[in-house]
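Take a look at the structure below.
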Amino acid sequence: MNAAEFHEKAKLLKPDQQLPAKRYWVGVLFHHVVPDDILQEIDFLWIKAHSKITIQTIHNEYSKKYPSVSIVLKLWDEISSPTATLAHLNFYNDNVIILRAIEPSSMDNRDRVRMPLQPVNRQLISESSTVSADVAKPLPHPLSDCSLPFEGQSIKREPSASKTASPHENPKRLQPTTFQSTGRLQPFITAPASHTLNLDGPYSGGNIRTSTTPLSNRVDLATSSSSMKAEKEVDYPTPIQKNTDTEYKDEDEDGDAPMKDTSPDEVSYQPEEKMLKTEHLQKLMADTTPEKLEAGVQKAKAFLDALRLRLLDHVNDSEDARQWITMVENLQRLDAYKRTVVGVVGNTGAGKSSVINALLDEERLVPTNCMRACTAVVTEMSWNNSKDEHSKYRAEIEFISREDWERELGTLLRDLLDSNGQVSRECTDPDSEAGIAWAKFKAVYPQKTKEMLANTNVKSLMKDLTVLNVLGTTKKIFESQPGLFYKRLQRYVDSKEKNTRNEKKRDKKDKKQMEYWPLIKVVKIYTKSAALSTGAVIVDLPGVHDSNAARAAVAQGYMKQCTGLWIVAPINRAVDDKAAKSLLGESFKRQLKYDGTYSNVTFICSKTDDISITEAIDSLGLDEEVSKFEDQNQQLQHQIKQLQEEVNNLRDSKDIYKDLYEQADDDIELWQTIQDDVEDGKKVYAPKKKAEKRKRNSSKEKQRKKRNWSDSDESDSCSETNSSTEEVSQEALKDREPLTKDQVRDKIEELKAAKKNARRQRVGLDEKIKTTQTKIDALKQNQAAVRAEINAICIAGRNEYSKGAIQQDFAAGIKELDQENAIEEDEMNFNPDEDIRDYDQVARSLPVFCVSSRAYQKLCGRLKKDEPVPGFKTVKETEIPQLQAHCKKLTEAGRAQSCRSYLNSLSQLLNSLILWSSKDGTSLKLSDADKQKESHYLRKKLEELEKDLENAVTTCVNDIKDNIAENIYDKYDVAVEEAMRNALPTANGWGAHRDSGGLHFMTYKATVRRSGTYSGKSGPRDFNAELNEPITKHLATGWERAFQRRLPHALQNYTTASGNRLRSFHQAVEARARLHGASTVSLNMLANQLQVYEQIFANLAVAMVGIITEQQREANRSFTPVIAAAMSAVYTYASNESGAGMFVRIKNAMANHVERERHQMFNRATETVKACLVSMCRDVEEQMSNKTDEIFQQMRKDYMTTIGGAHLPQGTIIPKAERVVKDILNVLNTADGMFKEVLEGSVEDLLDENRTRGEHPAKDDDEDSNTQSANEDAEETADDTASIAKSSPATNTSARRGDAFETPSRDETPTDFDNASESASRG
């Protein structure tokens, strides 16, 4: 393709919009698009601009779209001057300027030495010029369409050239340029300015002046003829040789310059090579947002799937395709996600379950247990990947094996039965060993009575089929609702000891059923909690001293995996008991130091709503802060008291009117009877007034009110009468007048009025009471708000104080442990005034959360039966949301590292594929013999590199071994001697008097029955760890120094050394390749690939740190098992001992055994750990060597393909097996666009996309518990397989080609520059 063809092809793709006067379309071909591949409008950056806009402005607009890409703008093959305007470059008179954006790294030497094309009107014009004043337009470049002649050539016109050629047809090409031996053009001689050249054809319309500036400054085609490549149909610019004596003359009347064809056999250019880029992938790997990195991994997986399908299409055409498929599949098998295990520990009653439920945003999900040590089971909670609506909540309950239960039965029987073979009386104590054993027997064997257990044995118990059917199995539960899920889960993990009275009555009628909780090994819960969505795995660790060895091993296994450790304690105990300093015990803190996880501890103070206001104000000095609220509270209390007294008075008045109402009602009834008698003609008399009855509980005020009301009545009225007319003696009626009808009627009307008034008064009093009570309620609400403010101040003050105190206590505990270890290591040089580490930083780095689970649940609308929790107005004040955010953040580092490692491996694969697919078998422009020589040189350098990389691995591993020996092995002798010296006193201390720290006999016996490990009322005891404690104390500091500082430093040195060796190799090879004309673009791609390999070495070092951490945690736990094995014989003897004096015999046997074994067992323990560490070094060396060799082999392939892989003689046509790579290039061309979408997308959009797909970084390694869902997944997989099988090149090309590979749309409104003003380019 020549300049005119390129212009015409691009012109057809310009936006379909009308241009006003003096406006131009400027199309800039994107730097990553090859001219031969342009197909659509979006291959260009289209700009609508004024004719006065300069090239520099166009360059600036392009840079806004690609700020990280350095480019130059070319007019076809010529660098344009930054000051040139669009009007000066309008050679085709169509107001369309087509430019190419070229990266400097892709320009060869010929491009680098060219000077920019200068517009004609900016060149210096000689004053003696006699040509027309009309300014001609500058000469277009490359001058394939019209070129200038050499010195000695006359300018002639071919008569028909200008008259028959269309405006966009190519004029005839010139003869090739003759070069000097130096490979440079001969210097030009400045010609008089009067020399002009008139051209017709597409450039007619003006005279072109020759400049006094040599054209060599504008067009320098200097290049070695040996590096030229013959290529058909390429036009070449020819410089003008100036003649100082002669004017250019036309040989015909039209004055056309002669045009001659260029022979392609004499001289040619090598086309500019373009290489695919992975810039957006590189930018994505530099991003620190885990969500974007994870979205990038999802895109990468989709790309790899499509790439693999495309490679499968060519597996029969190319042997290389099979190798690439293997590499793609290896990358697909890599796991880009990493579990972050967080262990949660705390004593009974610390509120762990409540905290975890609140963390998961569930009212009740984590199972609760009625018992203590007997129900301690590890519970793991992680993200639920199931998309089944019926499996939103899943659980897997794993039961212990038959062997584990058989061993535990033997221990339980010994705990339950006394020395006489009868059930121990202590079985009624649920906290005793016998009580715990009896609870387990009742649960698993509900039909067995105590008498039956006394006459049974382990063998007969193991024959129970109901139990055997459970052992070694896994029960799966799945539900759509949390309530149903919780009930089903509780059926397995909870005890029926908590049943209500009604349930117990019902159970008596029903047959007792087996309970499962003693047989559970571990419970795994899967839920869609937001706190777990980023890959966190929360593990409730009840302890590692379980009586069941299987559960204890599970707990130990999780402890080794823990990335973080959360310690939960009630806030009142956390501060008062110095929990951060002493809660876990010295051995636990020392284990944290060995594991290197003390810096990953998080402290959680629970139950912050449980607070005494008076104590908090006094102890925290909050009087000033709460004084204002206390005054308000007292004022409100006084107002409430006054109103309450008013209400009481109103109620008393109401009671009086109630009595009067009832009295009036009775009187009316009596007088109506009298009225009936009057009407019947009888003589009637007024009822005699009786004495007033006084209620005992009536107040004086109440009696006074009632009396005043009664006195207001007429004297002949009665307050209380019998229900019938009394019989009055004749004597009593002598002095009395009989009543008339009118008198009776008047009296009845009076009583009715009194009754009505009493009723009216009662209604009025009710309204007053209601109004006053409303005021009291409002005041009480205000008072509750004031008290809540006081609570909030006290809670916040205690939280703040507790956080600081716990941080300081934790740092003090670490300091004490460091000083203790320093004394053990070198007491003579120990200086207590010198801090081993920055303990202030240790304190500051400890995250502390003071949480209220109850308040959080209530504010979230749960716990509907509970009262509101005072002191909390928002969920943020409960600090549960902060704990949830902390849980998510713990996963960020691991997620980012895993994703970057995955994407870096993809980058390495892409770069290798690009290098492979971009070569045509003619890397170096040398003869076959020279190529063989250069290939031999490259192989030699590769062999040197291989040896250097092997030496780097050997040096690193030797450094690791030396550091371990210096910090650990060399301290063995002193540590073992100290352990042997303390062994016998330690063993004797177990059986000493309790006042001297000894154990109770039952605790002693329970401990030896469990191989020296037991957790009872007095706390956990481990005889084996106590014997080994001098060794662990003496080695702790050196162990931490080796594995937390020295070994990571050695691996960092390995990364640096490997990188230096890679760069040295590349520099040597690159320098030699450039001398022989190797492609600059390919060399740059190799340089980029070198950075990828360096990152792979860095990732390898990180991976080795992970392997070392995992294996050293296993090794530092190997001391105690060796001690336990050495002590097993005496433990067995002590367990079987019975009868009078057995405690003395047990203690004597223990002392004798320790005295006899102490010389050997400690040496065996240290040698066992040494063997573990030696094995660790061997594994590290093997994995490093294998990975290094893998990297080297891929590097070798890259360099041999790019530089030393020219196996074909020059001019040989590329075979079909190599030409298929063009199809692969089409796939590779879409890769970087995918990652551009990720970079430009928002985090929220990416999260929404993941939620829509149901994808989460937390990978669920377990199968879906829902059988139906599993079958559906299998059917979907089968359908997918069938659909792939049905795809064919003819019918389903888009599917086989990977529809995921869509070029990012750049179809946007072009930039409009109006009146020479610059606007932002949208591209």
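All residue names refer to the structure tokens as shown: chains lettered A, B, ... in order, residues numbered from 1 in each chain, ligands numbered from 1 in order.
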
Contacts of Arg23 of chain A at 8 Å (only C-alpha atoms; same-chain gap of 4+ positions) as a PDB file with N, CA and C atoms, in the first residue's frame:
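What landed in selection.pdb:
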ATOM      1  N   LEU A  19     -18.877  19.311   6.458  1.00  0.00           N
ATOM      2  CA  LEU A  19     -17.887  20.222   7.008  1.00  0.00           C
ATOM      3  C   LEU A  19     -18.160  21.645   6.544  1.00  0.00           C
ATOM      4  N   LYS A  48     -12.414  16.966  13.960  1.00  0.00           N
ATOM      5  CA  LYS A  48     -12.895  18.021  13.068  1.00  0.00           C
ATOM      6  C   LYS A  48     -12.239  19.323  13.508  1.00  0.00           C
ATOM      7  N   ALA A  49     -11.412  19.919  12.628  1.00  0.00           N
ATOM      8  CA  ALA A  49     -10.581  21.041  13.062  1.00  0.00           C
ATOM      9  C   ALA A  49     -10.529  22.135  12.001  1.00  0.00           C
ATOM     10  N   HIS A  50     -10.136  23.337  12.457  1.00  0.00           N
ATOM     11  CA  HIS A  50      -9.954  24.495  11.588  1.00  0.00           C
ATOM     12  C   HIS A  50      -8.658  24.327  10.802  1.00  0.00           C
ATOM     13  N   SER A  51      -8.567  25.005   9.686  1.00  0.00           N
ATOM     14  CA  SER A  51      -7.399  24.860   8.815  1.00  0.00           C
ATOM     15  C   SER A  51      -6.128  25.379   9.467  1.00  0.00           C
ATOM     16  N   ASN A  95      -9.455  18.447   1.834  1.00  0.00           N
ATOM     17  CA  ASN A  95      -9.672  18.818   3.233  1.00  0.00           C
ATOM     18  C   ASN A  95      -9.718  17.603   4.172  1.00  0.00           C
TER      19      ASN A  95
END

Query - Members of segment 879-1018 of chain A assigned helix (DSSP H, G or I) by DSSP, as a PyMOL selection string - result: chain A and resi 880-889+892-917+928-967+969-990+994-996+1001-1009

Please write the residues from the selection above to a file, keeping C-alpha atoms, as an mmCIF file, in the first residue's frame.
data_model
loop_
_atom_site.group_PDB
_atom_site.id
_atom_site.type_symbol
_atom_site.label_atom_id
_atom_site.label_comp_id
_atom_site.auth_asym_id
_atom_site.auth_seq_id
_atom_site.Cartn_x
_atom_site.Cartn_y
_atom_site.Cartn_z
ATOM 1 C CA ILE A 880 -20.172 -4.576 64.391
ATOM 2 C CA PRO A 881 -20.073 -2.839 60.955
ATOM 3 C CA GLN A 882 -16.439 -1.892 61.635
ATOM 4 C CA LEU A 883 -15.673 -5.510 62.507
ATOM 5 C CA GLN A 884 -17.356 -6.651 59.293
ATOM 6 C CA ALA A 885 -15.249 -4.201 57.276
ATOM 7 C CA HIS A 886 -12.132 -5.417 59.115
ATOM 8 C CA CYS A 887 -13.028 -8.984 58.180
ATOM 9 C CA LYS A 888 -13.252 -8.024 54.519
ATOM 10 C CA LYS A 889 -10.026 -6.034 54.613
ATOM 11 C CA GLU A 892 -7.287 -7.838 50.456
ATOM 12 C CA ALA A 893 -3.540 -8.533 50.547
ATOM 13 C CA GLY A 894 -3.921 -12.240 49.802
ATOM 14 C CA ARG A 895 -6.519 -11.668 47.108
ATOM 15 C CA ALA A 896 -4.445 -9.001 45.366
ATOM 16 C CA GLN A 897 -1.280 -11.111 45.506
ATOM 17 C CA SER A 898 -3.015 -14.208 44.133
ATOM 18 C CA CYS A 899 -4.699 -12.275 41.324
ATOM 19 C CA ARG A 900 -1.503 -10.458 40.362
ATOM 20 C CA SER A 901 0.378 -13.735 40.243
ATOM 21 C CA TYR A 902 -2.308 -15.205 38.002
ATOM 22 C CA LEU A 903 -2.395 -12.173 35.711
ATOM 23 C CA ASN A 904 1.389 -12.062 35.571
ATOM 24 C CA SER A 905 1.428 -15.676 34.402
ATOM 25 C CA LEU A 906 -1.133 -14.711 31.776
ATOM 26 C CA SER A 907 1.035 -11.764 30.718
ATOM 27 C CA GLN A 908 4.002 -14.069 30.290
ATOM 28 C CA LEU A 909 1.909 -16.437 28.173
ATOM 29 C CA LEU A 910 0.523 -13.598 26.050
ATOM 30 C CA ASN A 911 3.922 -12.070 25.414
ATOM 31 C CA SER A 912 5.348 -15.442 24.441
ATOM 32 C CA LEU A 913 2.449 -16.063 22.096
ATOM 33 C CA ILE A 914 2.821 -12.611 20.565
ATOM 34 C CA LEU A 915 6.511 -13.182 19.964
ATOM 35 C CA TRP A 916 5.828 -16.585 18.454
ATOM 36 C CA SER A 917 2.945 -15.479 16.277
ATOM 37 C CA ASP A 928 22.505 -18.567 6.555
ATOM 38 C CA ALA A 929 26.066 -19.042 7.801
ATOM 39 C CA ASP A 930 25.920 -15.879 9.877
ATOM 40 C CA LYS A 931 22.582 -16.940 11.262
ATOM 41 C CA GLN A 932 24.019 -20.225 12.416
ATOM 42 C CA LYS A 933 26.867 -18.350 14.053
ATOM 43 C CA GLU A 934 24.484 -16.010 15.883
ATOM 44 C CA SER A 935 22.304 -18.937 16.893
ATOM 45 C CA HIS A 936 25.334 -20.633 18.381
ATOM 46 C CA TYR A 937 26.174 -17.469 20.314
ATOM 47 C CA LEU A 938 22.624 -17.214 21.673
ATOM 48 C CA ARG A 939 22.647 -20.861 22.772
ATOM 49 C CA LYS A 940 25.911 -20.307 24.566
ATOM 50 C CA LYS A 941 24.482 -17.304 26.403
ATOM 51 C CA LEU A 942 21.386 -19.288 27.298
ATOM 52 C CA GLU A 943 23.530 -22.063 28.751
ATOM 53 C CA GLU A 944 25.349 -19.487 30.867
ATOM 54 C CA LEU A 945 22.027 -18.047 32.008
ATOM 55 C CA GLU A 946 20.762 -21.495 32.951
ATOM 56 C CA LYS A 947 23.836 -22.110 35.102
ATOM 57 C CA ASP A 948 23.528 -18.668 36.683
ATOM 58 C CA LEU A 949 19.896 -19.283 37.605
ATOM 59 C CA GLU A 950 20.750 -22.683 39.041
ATOM 60 C CA ASN A 951 23.514 -21.101 41.080
ATOM 61 C CA ALA A 952 21.083 -18.478 42.357
ATOM 62 C CA VAL A 953 18.777 -21.230 43.628
ATOM 63 C CA THR A 954 21.668 -23.092 45.242
ATOM 64 C CA THR A 955 22.943 -19.926 46.903
ATOM 65 C CA CYS A 956 19.490 -19.099 48.246
ATOM 66 C CA VAL A 957 18.872 -22.579 49.641
ATOM 67 C CA ASN A 958 22.338 -22.686 51.239
ATOM 68 C CA ASP A 959 21.606 -19.304 52.814
ATOM 69 C CA ILE A 960 18.342 -20.686 54.194
ATOM 70 C CA LYS A 961 20.084 -23.742 55.604
ATOM 71 C CA ASP A 962 22.839 -21.662 57.183
ATOM 72 C CA ASN A 963 20.352 -19.347 58.867
ATOM 73 C CA ILE A 964 18.336 -22.252 60.257
ATOM 74 C CA ALA A 965 21.499 -23.907 61.550
ATOM 75 C CA GLU A 966 22.749 -20.694 63.133
ATOM 76 C CA ASN A 967 19.483 -19.746 64.838
ATOM 77 C CA TYR A 969 20.362 -26.190 65.363
ATOM 78 C CA ASP A 970 23.284 -24.518 67.119
ATOM 79 C CA LYS A 971 21.075 -23.895 70.171
ATOM 80 C CA TYR A 972 19.914 -27.484 70.484
ATOM 81 C CA ASP A 973 22.550 -28.622 72.989
ATOM 82 C CA VAL A 974 21.824 -25.898 75.535
ATOM 83 C CA ALA A 975 18.055 -26.294 75.088
ATOM 84 C CA VAL A 976 18.157 -30.087 75.535
ATOM 85 C CA GLU A 977 20.382 -29.813 78.595
ATOM 86 C CA GLU A 978 17.953 -27.324 80.165
ATOM 87 C CA ALA A 979 14.992 -29.601 79.399
ATOM 88 C CA MET A 980 16.710 -32.633 80.949
ATOM 89 C CA ARG A 981 17.570 -30.636 84.059
ATOM 90 C CA ASN A 982 13.966 -29.507 84.555
ATOM 91 C CA ALA A 983 12.190 -32.712 83.539
ATOM 92 C CA LEU A 984 12.144 -34.479 86.910
ATOM 93 C CA PRO A 985 11.121 -31.400 88.968
ATOM 94 C CA THR A 986 8.322 -30.777 86.440
ATOM 95 C CA ALA A 987 7.014 -34.345 86.708
ATOM 96 C CA ASN A 988 7.178 -34.291 90.507
ATOM 97 C CA GLY A 989 5.277 -31.005 90.510
ATOM 98 C CA TRP A 990 2.232 -32.651 88.934
ATOM 99 C CA ARG A 994 -2.279 -28.667 95.836
ATOM 100 C CA ASP A 995 -0.935 -25.811 97.932
ATOM 101 C CA SER A 996 2.351 -26.245 96.053
ATOM 102 C CA PHE A 1001 -5.902 -36.781 91.982
ATOM 103 C CA MET A 1002 -8.940 -36.985 89.646
ATOM 104 C CA THR A 1003 -7.496 -34.303 87.385
ATOM 105 C CA TYR A 1004 -4.121 -36.091 87.411
ATOM 106 C CA LYS A 1005 -5.810 -39.374 86.507
ATOM 107 C CA ALA A 1006 -7.928 -37.783 83.764
ATOM 108 C CA THR A 1007 -4.817 -36.189 82.243
ATOM 109 C CA VAL A 1008 -2.788 -39.406 82.028
ATOM 110 C CA ARG A 1009 -5.811 -41.216 80.562
#

**Report entry** One-decimal distance in Å that lies between atom CA of Met1195 of chain A and atom CA of Gln1067 of chain A
**Finding:**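 Interatomic distance, atom CA of Gln1067 of chain A to atom CA of Met1195 of chain A: 14.2 Å.
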
Query raised in the report: Smallest atom-to-atom distance to Leu765 of chain A: which of A:Leu99, A:Val470, A:Ile656, A:Ala778, using only C-alpha atoms?
Result: A:Ile656

Query raised in the report: Could you state the separation of atom CA of Gly998 of chain A and atom CA of Ser1018 of chain A in Å, given to one decimal place?
Result: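 The value is 11.1 Å.
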
Query raised in the report: Neighbours of Leu13 of chain A within 12 Å (only C-alpha atoms; same-chain residues fewer than 6 positions away dropped), as an MDAnalysis selection string?
Result: chainID A and resid 6:7 25:29 38:46 96 98 1307

Requested in this report: Point out the residue among A:Tyr445, A:Phe588, A:Phe1143, A:Trp383 with the least atom-to-atom distance to Lys1033 of chain A, counting only C-alpha atoms.
Outcome: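 Using only C-alpha atoms, the shortest distance to Lys1033 of chain A belongs to A:Phe588.
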
Query - Point-to-point distance in Å for atom CA of Pro518 of chain A and atom CA of Lys476 of chain A - result: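 A separation of 17.6 Å between them.
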
**Report entry** Exercise: segment 393-395 of chain A partners within 6 Å, only C-alpha atoms, chain neighbours under 4 positions left out, as number ranges by chain
**Finding:** A: 476-479, 524-527

Query raised in the report: Contacts of Glu279 of chain A at 12 Å or less, counting only C-alpha atoms, minus same-chain residues fewer than 4 places along, as a PyMOL selection string?
Result: chain A and resi 32+66-69+275+283-286+907+910-911+1085+1088+1231-1236+1239

For the selection you just gave me, I'd like the residues written to a file as a compact mmCIF listing (two decimals), in the first residue's frame, keeping N, CA and C atoms.
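Heads up, here's the output in out_33.txt:
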# COMPACT_ATOMS: atom_id res chain seq x y z
N HIS A 32 -1.75 1.19 17.64
CA HIS A 32 -1.75 -0.26 17.70
C HIS A 32 -2.41 -0.89 16.47
N TYR A 66 -4.38 8.72 25.09
CA TYR A 66 -3.37 7.72 25.50
C TYR A 66 -2.24 8.45 26.21
N PRO A 67 -2.47 8.86 27.45
CA PRO A 67 -1.46 9.67 28.15
C PRO A 67 -0.17 8.90 28.44
N SER A 68 -0.26 7.58 28.51
CA SER A 68 0.93 6.80 28.87
C SER A 68 1.71 6.31 27.66
N VAL A 69 1.24 6.66 26.47
CA VAL A 69 1.90 6.18 25.25
C VAL A 69 2.60 7.36 24.58
N MET A 275 3.77 -4.60 16.81
CA MET A 275 3.65 -5.69 17.79
C MET A 275 2.47 -5.40 18.70
N LYS A 283 -1.25 -2.30 33.40
CA LYS A 283 -1.84 -1.30 34.29
C LYS A 283 -2.75 -1.98 35.32
N LEU A 284 -3.47 -2.98 34.88
CA LEU A 284 -4.36 -3.69 35.80
C LEU A 284 -3.57 -4.38 36.90
N MET A 285 -2.44 -4.96 36.55
CA MET A 285 -1.63 -5.64 37.57
C MET A 285 -1.06 -4.65 38.57
N ALA A 286 -0.90 -3.39 38.16
CA ALA A 286 -0.41 -2.37 39.09
C ALA A 286 -1.52 -1.80 39.96
N SER A 907 0.23 -12.71 31.49
CA SER A 907 1.04 -11.76 30.72
C SER A 907 2.23 -12.45 30.08
N LEU A 910 0.90 -14.45 27.17
CA LEU A 910 0.52 -13.60 26.05
C LEU A 910 1.75 -13.08 25.31
N ASN A 911 2.72 -12.60 26.06
CA ASN A 911 3.92 -12.07 25.41
C ASN A 911 4.63 -13.15 24.61
N MET A 1085 9.75 -5.98 22.91
CA MET A 1085 8.82 -6.95 23.49
C MET A 1085 9.56 -7.92 24.42
N ASN A 1088 10.08 -6.16 27.63
CA ASN A 1088 8.86 -6.19 28.44
C ASN A 1088 8.64 -7.56 29.06
N ALA A 1231 -7.22 -9.35 23.49
CA ALA A 1231 -6.97 -9.58 24.91
C ALA A 1231 -6.89 -8.29 25.70
N ASP A 1232 -6.09 -7.35 25.23
CA ASP A 1232 -5.85 -6.16 26.03
C ASP A 1232 -7.11 -5.31 26.16
N GLY A 1233 -7.98 -5.36 25.16
CA GLY A 1233 -9.22 -4.61 25.25
C GLY A 1233 -10.11 -5.07 26.40
N MET A 1234 -10.05 -6.36 26.70
CA MET A 1234 -10.83 -6.88 27.83
C MET A 1234 -10.42 -6.20 29.13
N PHE A 1235 -9.12 -6.10 29.33
CA PHE A 1235 -8.62 -5.52 30.57
C PHE A 1235 -8.82 -4.00 30.59
N LYS A 1236 -8.92 -3.39 29.44
CA LYS A 1236 -9.25 -1.97 29.39
C LYS A 1236 -10.65 -1.75 29.96
N LEU A 1239 -10.39 -1.84 33.68
CA LEU A 1239 -9.76 -0.63 34.23
C LEU A 1239 -10.71 0.55 34.23

Requested in this report: Using only C-alpha atoms, pick whichever of A:Lys1197, A:Pro868, A:Tyr661, A:Gly804 has the shortest atom-to-atom distance to Ala785 of chain A.
Outcome: A:Pro868

Requested in this report: Considering only C-alpha atoms, return as a PyMOL selection string whatever protein or nucleic-acid residues lie within 9 Å of segment 845-862 of chain A, sequence-local ones (same chain, fewer than 6 positions apart) excluded.
Outcome: chain A and resi 351+354-359+361-363+571+599-610+799-800+802-804+806-807+810-811+868-883
